[in-house]
Structures are given as C-alpha cells and as structure tokens.
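The next block is coords_13.pdb, given as PDB, C-alpha atoms.
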ATOM      1  CA  MET X 130       0.000   0.000   0.000  1.00  0.00           C
ATOM      2  CA  SER X 131       1.402   3.340  -1.012  1.00  0.00           C
ATOM      3  CA  LYS X 132       0.404   6.596   0.647  1.00  0.00           C
ATOM      4  CA  SER X 133       0.843  10.095  -0.655  1.00  0.00           C
ATOM      5  CA  TYR X 134       1.454  12.332   2.318  1.00  0.00           C
ATOM      6  CA  LYS X 135       1.003  15.364   0.102  1.00  0.00           C
ATOM      7  CA  ASP X 136      -2.502  14.105  -0.700  1.00  0.00           C
ATOM      8  CA  ILE X 137      -3.194  13.207   2.935  1.00  0.00           C
ATOM      9  CA  ILE X 138      -2.387  16.694   4.196  1.00  0.00           C
ATOM     10  CA  ALA X 139      -4.193  18.374   1.305  1.00  0.00           C
ATOM     11  CA  ASP X 140      -7.345  16.380   2.102  1.00  0.00           C
ATOM     12  CA  THR X 141      -6.953  16.980   5.828  1.00  0.00           C
ATOM     13  CA  SER X 142      -6.393  20.703   5.319  1.00  0.00           C
ATOM     14  CA  ALA X 143      -9.631  20.908   3.326  1.00  0.00           C
ATOM     15  CA  CYS X 144     -11.521  19.166   6.128  1.00  0.00           C
ATOM     16  CA  ILE X 145      -9.927  21.409   8.745  1.00  0.00           C
ATOM     17  CA  ALA X 146     -10.982  24.480   6.749  1.00  0.00           C
ATOM     18  CA  ARG X 147     -14.594  23.293   6.962  1.00  0.00           C
ATOM     19  CA  LEU X 148     -14.245  22.609  10.668  1.00  0.00           C
ATOM     20  CA  ARG X 149     -12.805  26.100  11.151  1.00  0.00           C
ATOM     21  CA  CYS X 150     -16.117  27.478   9.868  1.00  0.00           C
ATOM     22  CA  GLY X 151     -18.180  25.347  12.231  1.00  0.00           C
ATOM     23  CA  ALA X 152     -16.016  25.688  15.332  1.00  0.00           C
ATOM     24  CA  PRO X 153     -14.049  28.915  14.913  1.00  0.00           C
ATOM     25  CA  GLU X 154     -13.351  29.552  18.599  1.00  0.00           C
ATOM     26  CA  VAL X 155     -12.037  26.062  19.211  1.00  0.00           C
ATOM     27  CA  MET X 156      -9.861  26.233  16.110  1.00  0.00           C
ATOM     28  CA  GLN X 157      -8.514  29.677  17.069  1.00  0.00           C
ATOM     29  CA  GLY X 158      -7.657  28.296  20.492  1.00  0.00           C
ATOM     30  CA  PHE X 159      -5.947  25.271  19.005  1.00  0.00           C
ATOM     31  CA  TYR X 160      -3.858  27.374  16.620  1.00  0.00           C
ATOM     32  CA  ALA X 161      -2.947  29.789  19.414  1.00  0.00           C
ATOM     33  CA  LEU X 162      -1.798  26.887  21.601  1.00  0.00           C
ATOM     34  CA  SER X 163       0.083  25.306  18.715  1.00  0.00           C
ATOM     35  CA  GLY X 164       1.815  28.578  17.881  1.00  0.00           C
ATOM     36  CA  VAL X 165       2.963  29.167  21.448  1.00  0.00           C
ATOM     37  CA  ALA X 166       4.089  25.566  21.951  1.00  0.00           C
ATOM     38  CA  GLY X 167       6.017  25.575  18.660  1.00  0.00           C
ATOM     39  CA  LYS X 168       7.727  28.894  19.289  1.00  0.00           C
ATOM     40  CA  ALA X 169      11.495  28.675  19.724  1.00  0.00           C
ATOM     41  CA  GLY X 170      12.641  28.942  23.315  1.00  0.00           C
ATOM     42  CA  ALA X 171      14.978  26.629  25.193  1.00  0.00           C
ATOM     43  CA  LEU X 172      14.388  24.245  22.271  1.00  0.00           C
ATOM     44  CA  ASP X 173      14.620  25.476  18.697  1.00  0.00           C
ATOM     45  CA  GLY X 174      11.850  24.982  16.151  1.00  0.00           C
ATOM     46  CA  LYS X 175      13.515  22.033  14.437  1.00  0.00           C
ATOM     47  CA  THR X 176      13.934  20.165  17.717  1.00  0.00           C
ATOM     48  CA  LYS X 177      10.297  20.776  18.552  1.00  0.00           C
ATOM     49  CA  GLU X 178       9.283  19.427  15.131  1.00  0.00           C
ATOM     50  CA  LEU X 179      11.401  16.301  15.706  1.00  0.00           C
ATOM     51  CA  ILE X 180       9.523  15.802  18.980  1.00  0.00           C
ATOM     52  CA  ALA X 181       6.223  16.382  17.173  1.00  0.00           C
ATOM     53  CA  MET X 182       7.198  13.750  14.584  1.00  0.00           C
ATOM     54  CA  ALA X 183       7.960  11.267  17.347  1.00  0.00           C
ATOM     55  CA  LEU X 184       4.587  11.950  18.945  1.00  0.00           C
ATOM     56  CA  SER X 185       2.886  11.604  15.548  1.00  0.00           C
ATOM     57  CA  VAL X 186       4.427   8.154  15.101  1.00  0.00           C
ATOM     58  CA  ALA X 187       3.415   7.179  18.649  1.00  0.00           C
ATOM     59  CA  ALA X 188      -0.155   8.384  17.991  1.00  0.00           C
ATOM     60  CA  ARG X 189      -0.211   6.613  14.595  1.00  0.00           C
ATOM     61  CA  CYS X 190      -1.525   9.783  12.977  1.00  0.00           C
ATOM     62  CA  ASP X 191      -0.869   9.851   9.227  1.00  0.00           C
ATOM     63  CA  PRO X 192      -1.924  13.488   8.723  1.00  0.00           C
ATOM     64  CA  CYS X 193       0.275  14.515  11.658  1.00  0.00           C
ATOM     65  CA  ILE X 194       3.207  12.620  10.153  1.00  0.00           C
ATOM     66  CA  GLY X 195       2.654  14.459   6.866  1.00  0.00           C
ATOM     67  CA  TYR X 196       2.471  17.927   8.403  1.00  0.00           C
ATOM     68  CA  HIS X 197       5.546  17.380  10.564  1.00  0.00           C
ATOM     69  CA  ALA X 198       7.548  15.765   7.756  1.00  0.00           C
ATOM     70  CA  GLN X 199       6.860  18.822   5.621  1.00  0.00           C
ATOM     71  CA  SER X 200       7.914  21.119   8.473  1.00  0.00           C
ATOM     72  CA  LEU X 201      11.092  19.132   9.105  1.00  0.00           C
ATOM     73  CA  VAL X 202      12.117  19.536   5.476  1.00  0.00           C
ATOM     74  CA  GLN X 203      11.385  23.272   5.722  1.00  0.00           C
ATOM     75  CA  TYR X 204      13.536  23.466   8.870  1.00  0.00           C
ATOM     76  CA  GLY X 205      16.376  21.723   7.046  1.00  0.00           C
ATOM     77  CA  ALA X 206      16.365  18.628   9.252  1.00  0.00           C
ATOM     78  CA  THR X 207      18.897  16.106   8.048  1.00  0.00           C
ATOM     79  CA  ARG X 208      18.035  12.525   7.321  1.00  0.00           C
ATOM     80  CA  ALA X 209      20.280  11.514  10.240  1.00  0.00           C
ATOM     81  CA  GLU X 210      18.279  13.720  12.636  1.00  0.00           C
ATOM     82  CA  VAL X 211      14.995  12.268  11.416  1.00  0.00           C
ATOM     83  CA  GLU X 212      16.309   8.709  11.527  1.00  0.00           C
ATOM     84  CA  GLU X 213      17.603   9.097  15.096  1.00  0.00           C
ATOM     85  CA  THR X 214      14.232  10.476  16.157  1.00  0.00           C
ATOM     86  CA  LEU X 215      12.522   7.508  14.523  1.00  0.00           C
ATOM     87  CA  ASP X 216      15.028   5.132  16.160  1.00  0.00           C
ATOM     88  CA  MET X 217      13.741   6.315  19.534  1.00  0.00           C
ATOM     89  CA  CYS X 218      10.149   5.789  18.397  1.00  0.00           C
ATOM     90  CA  ILE X 219      10.949   2.199  17.452  1.00  0.00           C
ATOM     91  CA  SER X 220      12.859   1.633  20.692  1.00  0.00           C
ATOM     92  CA  MET X 221       9.945   2.838  22.782  1.00  0.00           C
ATOM     93  CA  GLY X 222       7.053   1.587  20.652  1.00  0.00           C
ATOM     94  CA  GLY X 223       8.140  -1.711  19.126  1.00  0.00           C
ATOM     95  CA  GLY X 224       6.674  -3.183  15.966  1.00  0.00           C
ATOM     96  CA  SER X 225       3.757  -0.832  15.426  1.00  0.00           C
ATOM     97  CA  ALA X 226       6.078   2.160  15.876  1.00  0.00           C
ATOM     98  CA  LEU X 227       8.404   0.595  13.293  1.00  0.00           C
ATOM     99  CA  MET X 228       5.596   0.584  10.718  1.00  0.00           C
ATOM    100  CA  TYR X 229       4.776   4.261  11.304  1.00  0.00           C
ATOM    101  CA  ALA X 230       8.453   5.231  11.542  1.00  0.00           C
ATOM    102  CA  ALA X 231       8.970   3.751   8.073  1.00  0.00           C
ATOM    103  CA  ALA X 232       5.972   5.739   6.836  1.00  0.00           C
ATOM    104  CA  ALA X 233       7.349   8.893   8.483  1.00  0.00           C
ATOM    105  CA  LEU X 234      10.664   8.468   6.673  1.00  0.00           C
ATOM    106  CA  ALA X 235       8.792   8.025   3.391  1.00  0.00           C
ATOM    107  CA  ALA X 236       6.838  11.220   4.112  1.00  0.00           C
ATOM    108  CA  TYR X 237      10.083  13.101   4.855  1.00  0.00           C
ATOM    109  CA  GLU X 238      11.457  11.945   1.495  1.00  0.00           C
ATOM    110  CA  GLU X 239       8.208  12.809  -0.317  1.00  0.00           C
ATOM    111  CA  PHE X 240       8.472  16.421   0.861  1.00  0.00           C
ATOM    112  CA  GLY X 241      12.030  16.680  -0.449  1.00  0.00           C
ATOM    113  CA  GLY X 242      14.095  15.392   2.461  1.00  0.00           C
ATOM    114  CA  GLU X 243      17.382  13.596   1.890  1.00  0.00           C
ATOM    115  CA  GLN X 244      17.068  10.205   0.246  1.00  0.00           C
ATOM    116  CA  VAL X 245      19.396   7.245   0.424  1.00  0.00           C
ATOM    117  CA  ALA X 246      21.230   6.660  -2.860  1.00  0.00           C
ATOM    118  CA  ALA X 247      19.904   3.528  -4.558  1.00  0.00           C
TER     119      ALA X 247
END
I need this file expressed as structure tokens, please.
Amino acid sequence: MSKSYKDIIADTSACIARLRCGAPEVMQGFYALSGVAGKAGALDGKTKELIAMALSVAARCDPCIGYHAQSLVQYGATRAEVEETLDMCISMGGGSALMYAAAALAAYEEFGGEQVAA
C-alpha cells in the first residue's frame, strides 16, 4: 500500500478548513496553543518538530506525520536527525512504531528530504 502524504495533508487541510467554519473559537484556540508551543525557546523549532514527529508516530496519525515531515524539510532537518528520532520511536514503541516510523521516513522523502542513494 502506497500513501501520498502530500494528498493526505491536502485532504486533511480541506476538512480542517470546513471545521474552522463550524467551530471557529475552538480552532482559534488550538492554533494559538500550537503557535505558542512551537515557538522557539529553550528548544529550537527544528527540535520541537522532531519531537512532534515522534509523537505523531506514537499516535499513529498519518496526517500529523505528513504535516511534521513537511515542516522538518522546511527546517532543514537532516536525514540523520529524522532517523535518530525515529530510532527512539521504534525503541519505545516496538513493531507498530516501526511501521509508522517507516511511513514517516517516506513522508520526509516525499516532501524533499534527503534520500538514500539507490
């Protein structure tokens, strides 16, 4: 089974836009929280996105994996940084984390992240 994380986040974004119309206060609150939590502080933005990717794998959330893979590429995360983050996911989560970690690496590559030479 092949997934397109670009398609997953495009579809999810369209659904979120509709939800924003129906629940604007909740969505404003969520985006405010997300913005504050993601703001650079003791941890920089890239580190926070690596943590978010790990949590996305743990939650088995495909749209989350897509959004955070895209952000990691935008932050310039290296393949080694992403792989080490995913190593911890596998270490803590076992087999099911392995499946989502593999998907997360595919998403990172789909958004333009470093690929292993064939």
> For the file shown, what are the residues hit by the PyMOL selection byres ((chain X and resi 181-190) around 7), laid out as a list in words?
Replying inline: Lys177, Glu178, Leu179, Ile180, Asp191, Pro192, Cys193, Ile194, His197, Thr214, Leu215, Cys218, Gly222, Ala226, Tyr229 and Ala230 of chain X
Centre, edges in Å (one decimal): axis-aligned box, region 141-153 of chain X, 5 Å padding on all six sides, as JSON:
{"center_x": -12.3, "center_y": 22.9, "center_z": 9.3, "size_x": 21.8, "size_y": 21.9, "size_z": 22.0}
Each residue of region 217-240 of chain X with at least one atom at most 10 Å from region 130-134 of chain X should appear once, together with its nearest atom pair and the corresponding distance in Å (one decimal); atoms considered: all atoms listed in the file; ordering: chain, then increasing residue number; output as a tab-separated table.
residue	atom	partner	partner_atom	distance
X:Ala232	CA	X:Lys132	CA	8.4
X:Ala233	CA	X:Tyr134	CA	9.2
X:Ala235	CA	X:Tyr134	CA	8.6
X:Ala236	CA	X:Tyr134	CA	5.8
X:Tyr237	CA	X:Tyr134	CA	9.0
X:Glu239	CA	X:Tyr134	CA	7.3
X:Phe240	CA	X:Tyr134	CA	8.3
> Could you work out how far CA of Ser163 (chain X) lies from CA of Ile145 (chain X), giving the answer in Å with one decimal?
Replying inline: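 Atom-to-atom, CA of Ile145 (chain X) to CA of Ser163 (chain X), that is 14.7 Å.
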>> As an exercise, work out the distance from CA of Glu243 (chain X) to CA of Gly195 (chain X) in Å and give it to one decimal place.
In response: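 These two atoms are separated by 15.6 Å.
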>> Calculated over all atoms listed in the file, which of the candidates X:Val155, X:Ala231, X:Tyr196, X:Ala166 has the smallest distance to Ala139 (chain X)?
In response: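 Distance minimum relative to Ala139 (chain X) lands on X:Tyr196.
The interatomic distance for the pair CA of Gly158 (chain X) and CA of Thr141 (chain X) works out to 18.5 Å.
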>> Taking (12.7, 15.2, 0.7) in the coordinates of the supplied file, I want to know which residues reach to within 10 Å of it, counting all atoms listed in the file; could you give the answer as a list in words?
In response: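 Checked against the point, the hits come out as Ala198, Gln199, Leu201, Val202, Gln203, Gly205, Ala206, Thr207, Arg208, Leu234, Ala235, Ala236, Tyr237, Glu238, Glu239, Phe240, Gly241, Gly242, Glu243 and Gln244 of chain X.
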Filtering to N, CA and C atoms, could region 194-226 of chain X of the supplied structure be written out as a JSON list (two decimals), in the first residue's frame?
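Dumped everything to part_1.json:
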[["chain", "number", "residue", "atom", "x", "y", "z"],
["X", 194, "ILE", "N", 1.92, 12.99, 10.73],
["X", 194, "ILE", "CA", 3.21, 12.62, 10.15],
["X", 194, "ILE", "C", 3.48, 13.48, 8.92],
["X", 195, "GLY", "N", 2.48, 13.65, 8.07],
["X", 195, "GLY", "CA", 2.65, 14.46, 6.87],
["X", 195, "GLY", "C", 3.00, 15.90, 7.17],
["X", 196, "TYR", "N", 2.22, 16.52, 8.06],
["X", 196, "TYR", "CA", 2.47, 17.93, 8.40],
["X", 196, "TYR", "C", 3.87, 18.11, 9.00],
["X", 197, "HIS", "N", 4.26, 17.21, 9.90],
["X", 197, "HIS", "CA", 5.55, 17.38, 10.56],
["X", 197, "HIS", "C", 6.71, 16.99, 9.66],
["X", 198, "ALA", "N", 6.51, 16.07, 8.75],
["X", 198, "ALA", "CA", 7.55, 15.76, 7.76],
["X", 198, "ALA", "C", 7.80, 16.99, 6.88],
["X", 199, "GLN", "N", 6.73, 17.62, 6.44],
["X", 199, "GLN", "CA", 6.86, 18.82, 5.62],
["X", 199, "GLN", "C", 7.60, 19.92, 6.40],
["X", 200, "SER", "N", 7.25, 20.11, 7.65],
["X", 200, "SER", "CA", 7.91, 21.12, 8.47],
["X", 200, "SER", "C", 9.38, 20.79, 8.69],
["X", 201, "LEU", "N", 9.70, 19.52, 8.90],
["X", 201, "LEU", "CA", 11.09, 19.13, 9.11],
["X", 201, "LEU", "C", 11.94, 19.43, 7.87],
["X", 202, "VAL", "N", 11.39, 19.20, 6.70],
["X", 202, "VAL", "CA", 12.12, 19.54, 5.48],
["X", 202, "VAL", "C", 12.32, 21.05, 5.41],
["X", 203, "GLN", "N", 11.27, 21.81, 5.74],
["X", 203, "GLN", "CA", 11.38, 23.27, 5.72],
["X", 203, "GLN", "C", 12.41, 23.77, 6.73],
["X", 204, "TYR", "N", 12.54, 23.10, 7.86],
["X", 204, "TYR", "CA", 13.54, 23.47, 8.87],
["X", 204, "TYR", "C", 14.95, 23.01, 8.50],
["X", 205, "GLY", "N", 15.06, 22.21, 7.45],
["X", 205, "GLY", "CA", 16.38, 21.72, 7.05],
["X", 205, "GLY", "C", 16.88, 20.55, 7.87],
["X", 206, "ALA", "N", 15.96, 19.80, 8.46],
["X", 206, "ALA", "CA", 16.36, 18.63, 9.25],
["X", 206, "ALA", "C", 17.08, 17.63, 8.35],
["X", 207, "THR", "N", 18.16, 17.10, 8.83],
["X", 207, "THR", "CA", 18.90, 16.11, 8.05],
["X", 207, "THR", "C", 18.23, 14.75, 8.18],
["X", 208, "ARG", "N", 18.54, 13.89, 7.26],
["X", 208, "ARG", "CA", 18.03, 12.53, 7.32],
["X", 208, "ARG", "C", 18.50, 11.86, 8.62],
["X", 209, "ALA", "N", 19.75, 12.11, 9.01],
["X", 209, "ALA", "CA", 20.28, 11.51, 10.24],
["X", 209, "ALA", "C", 19.48, 11.96, 11.46],
["X", 210, "GLU", "N", 19.09, 13.23, 11.51],
["X", 210, "GLU", "CA", 18.28, 13.72, 12.64],
["X", 210, "GLU", "C", 16.92, 13.05, 12.66],
["X", 211, "VAL", "N", 16.31, 12.92, 11.50],
["X", 211, "VAL", "CA", 14.99, 12.27, 11.42],
["X", 211, "VAL", "C", 15.12, 10.79, 11.77],
["X", 212, "GLU", "N", 16.13, 10.14, 11.24],
["X", 212, "GLU", "CA", 16.31, 8.71, 11.53],
["X", 212, "GLU", "C", 16.56, 8.46, 13.02],
["X", 213, "GLU", "N", 17.36, 9.30, 13.67],
["X", 213, "GLU", "CA", 17.60, 9.10, 15.10],
["X", 213, "GLU", "C", 16.33, 9.32, 15.91],
["X", 214, "THR", "N", 15.52, 10.27, 15.50],
["X", 214, "THR", "CA", 14.23, 10.48, 16.16],
["X", 214, "THR", "C", 13.37, 9.24, 16.00],
["X", 215, "LEU", "N", 13.34, 8.69, 14.78],
["X", 215, "LEU", "CA", 12.52, 7.51, 14.52],
["X", 215, "LEU", "C", 13.09, 6.28, 15.23],
["X", 216, "ASP", "N", 14.42, 6.22, 15.39],
["X", 216, "ASP", "CA", 15.03, 5.13, 16.16],
["X", 216, "ASP", "C", 14.45, 5.08, 17.57],
["X", 217, "MET", "N", 14.29, 6.26, 18.18],
["X", 217, "MET", "CA", 13.74, 6.32, 19.53],
["X", 217, "MET", "C", 12.27, 5.87, 19.55],
["X", 218, "CYS", "N", 11.55, 6.23, 18.50],
["X", 218, "CYS", "CA", 10.15, 5.79, 18.40],
["X", 218, "CYS", "C", 10.08, 4.27, 18.38],
["X", 219, "ILE", "N", 10.94, 3.66, 17.57],
["X", 219, "ILE", "CA", 10.95, 2.20, 17.45],
["X", 219, "ILE", "C", 11.37, 1.57, 18.78],
["X", 220, "SER", "N", 12.38, 2.16, 19.41],
["X", 220, "SER", "CA", 12.86, 1.63, 20.69],
["X", 220, "SER", "C", 11.76, 1.65, 21.74],
["X", 221, "MET", "N", 10.99, 2.71, 21.77],
["X", 221, "MET", "CA", 9.94, 2.84, 22.78],
["X", 221, "MET", "C", 8.64, 2.15, 22.39],
["X", 222, "GLY", "N", 8.36, 2.05, 21.09],
["X", 222, "GLY", "CA", 7.05, 1.59, 20.65],
["X", 222, "GLY", "C", 7.00, 0.24, 19.98],
["X", 223, "GLY", "N", 8.13, -0.38, 19.71],
["X", 223, "GLY", "CA", 8.14, -1.71, 19.13],
["X", 223, "GLY", "C", 7.67, -1.77, 17.68],
["X", 224, "GLY", "N", 7.04, -2.88, 17.35],
["X", 224, "GLY", "CA", 6.67, -3.18, 15.97],
["X", 224, "GLY", "C", 5.73, -2.19, 15.32],
["X", 225, "SER", "N", 4.69, -1.77, 16.04],
["X", 225, "SER", "CA", 3.76, -0.83, 15.43],
["X", 225, "SER", "C", 4.43, 0.51, 15.19],
["X", 226, "ALA", "N", 5.33, 0.92, 16.09],
["X", 226, "ALA", "CA", 6.08, 2.16, 15.88],
["X", 226, "ALA", "C", 7.00, 2.02, 14.67]]
